[in-house]
Amino acid sequence: MDEVRNTVLISCAIAILVCIWKLVNTLWVTPRKLEKHLTNQGFKGNKYKFLYGDTKEMSMMFRESRSKVLNLDDDDEVLPHVIGFSYQSLQKHGRNFITWMGWKPRVTVMDPELIKDIFVKMNDFQKPRSNPLGRLLATGIVSYEGDQWAKHRKIINPAFHLEKLKNMGPAFQLSCGEMLAKWEMLISSSGSCELDVWPHLQALSADVISRTAFGSSYAEGIRIFELIREQSVLAMEAFQSLYIPGSRFLPTKRNSKMKAIDKEVKLSIRKIIDLRLKAMKVGEANYDDLLGMLLESNMKEVNQHQNKSHGMTINEVIEECRLFYFAGQETTSSLLVWTMILLSKHKEWQSRAREEVMNVFGDKNIDIDGLNQLKVVNMIFYEVLRLYPPVVGLARKAEKEITLGDFSIPSGVLIGLPIMLIHYDEKYWGSDAKKFNPSRFSEGISKATKNQVTYFPFGWGPRICIGQNFALLEAKIALAMILQRYSFEFAPSYVHAPRTVLILQPGHGANLILHKL
């Protein structure tokens, strides 16, 4: 009996020692080995701090930036304000630096050829698994890899074909027309009014998504948008704190709230899909919106191969729809609000854009084909996306030990692709890199970038954002309709405070004075 007990005790002791060693290896030995390897490769950064790495300093700088506002004319302060830790690391350590995301090193690269290599070799450099709490916001095609990504991309792609999107033009115009009608009611007898346009542009993008993706109205989908917005704030808090494996199962207030929101959003979208599937069975379905085209494409794929595994499950369709709701609304509203802010600051460009719109359309309805003639508007959008991209940086992970240029990157190392740092880099954009100058895009993106990967507000390569054309088409129609009816300038109450809540947005709204034309 004693022998058995001793054997059990020894086994338990060995198991405990193994667990302790694994923990020490994960949290100390491996990070120190990686630190030495990466330093020898030429990467510089702060010394690894046990468990937390740089996350405490990053969170502190993020919180400090939220309490500050910027001088509208001080373009040099935008980067330190929005991406303070990355900007500081660049100044301190040079163009190839290490950031410790807890016990995991992330190397940031700023060489366009290396960035191109990373985007092209999508199987070698995959998207890192995010904080599990972040996945409660949206997954879908943006989070998939390999065969699963290829399958979803193939099924979703037809819905975002440019010819299909053109058919959604009337819905874009209807939503924008309703927003402008609300503005009309706010105009005083003097022909002007002060208005925070940010919530209006968010509502516009939400209404467009409701109509074009689900054939419903904003009123029907408003609860989903409110929930997703709340989830975005909670997800951002989760990203800014150190994630300890397994902590998502703890019954904390944030965990419980995020899970409750996740459940409600999924149930709401499930109801929309179930109603559509019932309509399809009796031949009364609408296939003109994104959901209809997605379900139709999915059905064709299954029927073609006579195998359900070639299509998406209902749960996968729900995730793609949730991604429509989140990305479709946030990206376009961010682009529009920063465009209005920058055109309020640079009124000469507002005048040039309005003159172009009036020359092409006059005061008539927007013709979709006529949008191709809006060269100045295109230049303005490209420049806004350069200076205020919706997403300020992307990340990848080396799936195996791999050579990247002159560097040897160990398996599992994270790689930062700093969109905003590169978009502001004088090495690639000249001495006026921090200035608003749409003329740099007068001959298109390729000419402006000299065919280098120095501009990627929607990503780049095979995984470039599938909704890019959707966002730009909606933004062009909205801006053209606004310019036809209003001029706008800063209100005295406007406060410049760009802030990242997953996407880059105005932290104190966008208070402008609208003047009816």
# chains A, B, ... in the order shown; residues from 1 in each chain; ligands from 1

$ residues_around --residues "segment 121-129 of chain A" --least-positions-apart "5" --cutoff "6 Å" --atoms "only C-alpha atoms" --output "mmCIF file with C-alpha atoms, in the first residue's frame"
data_model
loop_
_atom_site.group_PDB
_atom_site.id
_atom_site.type_symbol
_atom_site.label_atom_id
_atom_site.label_comp_id
_atom_site.auth_asym_id
_atom_site.auth_seq_id
_atom_site.Cartn_x
_atom_site.Cartn_y
_atom_site.Cartn_z
ATOM 1 C CA ARG A 396 0.989 38.246 -39.063
ATOM 2 C CA LYS A 397 2.711 35.231 -37.513
ATOM 3 C CA ALA A 398 5.572 33.148 -38.925
ATOM 4 C CA GLU A 399 4.139 29.621 -39.220
#

$ select_by_dssp --residues "segment 238-473 of chain A" --states "strand (DSSP E)" --output "ChimeraX atom specification"
/A:394-398,402-404,407-409,414-417

$ residues_around --residues "Val107 of chain A" --least-positions-apart "6" --cutoff "7 Å" --atoms "only C-alpha atoms" --output "VMD selection string"
chain A and resid 96 to 99 414 to 416

$ closest_atom_pairs --of "segment 45-160 of chain A" --to "segment 310-331 of chain A" --cutoff "8 Å" --atoms "only C-alpha atoms" --output "JSON lines"
{"residue": "A:Ala138", "atom": "CA", "partner": "A:Leu323", "partner_atom": "CA", "distance": 5.5}
{"residue": "A:Thr139", "atom": "CA", "partner": "A:Glu319", "partner_atom": "CA", "distance": 6.1}
{"residue": "A:Gly140", "atom": "CA", "partner": "A:Glu320", "partner_atom": "CA", "distance": 4.8}
{"residue": "A:Ile141", "atom": "CA", "partner": "A:Glu320", "partner_atom": "CA", "distance": 6.8}
{"residue": "A:Lys151", "atom": "CA", "partner": "A:His310", "partner_atom": "CA", "distance": 7.3}
{"residue": "A:His152", "atom": "CA", "partner": "A:Met312", "partner_atom": "CA", "distance": 7.4}
{"residue": "A:Ile155", "atom": "CA", "partner": "A:Gly311", "partner_atom": "CA", "distance": 7.8}

$ write_last_selection --atoms "N, CA and C atoms" --output "PDB file, in the first residue's frame"
ATOM      1  N   ALA A 138     -16.161  39.582 -34.046  1.00  0.00           N
ATOM      2  CA  ALA A 138     -16.376  39.123 -35.422  1.00  0.00           C
ATOM      3  C   ALA A 138     -15.261  38.156 -35.800  1.00  0.00           C
ATOM      4  N   THR A 139     -15.632  37.128 -36.530  1.00  0.00           N
ATOM      5  CA  THR A 139     -14.617  36.223 -37.081  1.00  0.00           C
ATOM      6  C   THR A 139     -14.818  36.208 -38.591  1.00  0.00           C
ATOM      7  N   GLY A 140     -15.378  35.133 -39.122  1.00  0.00           N
ATOM      8  CA  GLY A 140     -15.622  35.098 -40.562  1.00  0.00           C
ATOM      9  C   GLY A 140     -14.336  35.034 -41.345  1.00  0.00           C
ATOM     10  N   ILE A 141     -14.411  35.452 -42.603  1.00  0.00           N
ATOM     11  CA  ILE A 141     -13.310  35.287 -43.551  1.00  0.00           C
ATOM     12  C   ILE A 141     -12.020  35.977 -43.105  1.00  0.00           C
ATOM     13  N   LYS A 151     -12.217  28.653 -49.436  1.00  0.00           N
ATOM     14  CA  LYS A 151     -13.620  28.287 -49.664  1.00  0.00           C
ATOM     15  C   LYS A 151     -14.538  29.479 -49.431  1.00  0.00           C
ATOM     16  N   HIS A 152     -14.345  30.160 -48.325  1.00  0.00           N
ATOM     17  CA  HIS A 152     -15.207  31.309 -48.002  1.00  0.00           C
ATOM     18  C   HIS A 152     -15.015  32.443 -49.004  1.00  0.00           C
ATOM     19  N   ILE A 155     -16.901  31.656 -52.196  1.00  0.00           N
ATOM     20  CA  ILE A 155     -18.364  31.755 -52.058  1.00  0.00           C
ATOM     21  C   ILE A 155     -18.812  33.207 -51.916  1.00  0.00           C
TER      22      ILE A 155
END

$ atom_distance --atom1 "atom CA of Met280 of chain A" --atom2 "atom CA of Thr212 of chain A"
17.7 Å

$ closest_residue --among "A:Met481, A:Ala203, A:Leu394, A:Ala238" --to "Ser333 of chain A" --atoms "only C-alpha atoms"
A:Ala203
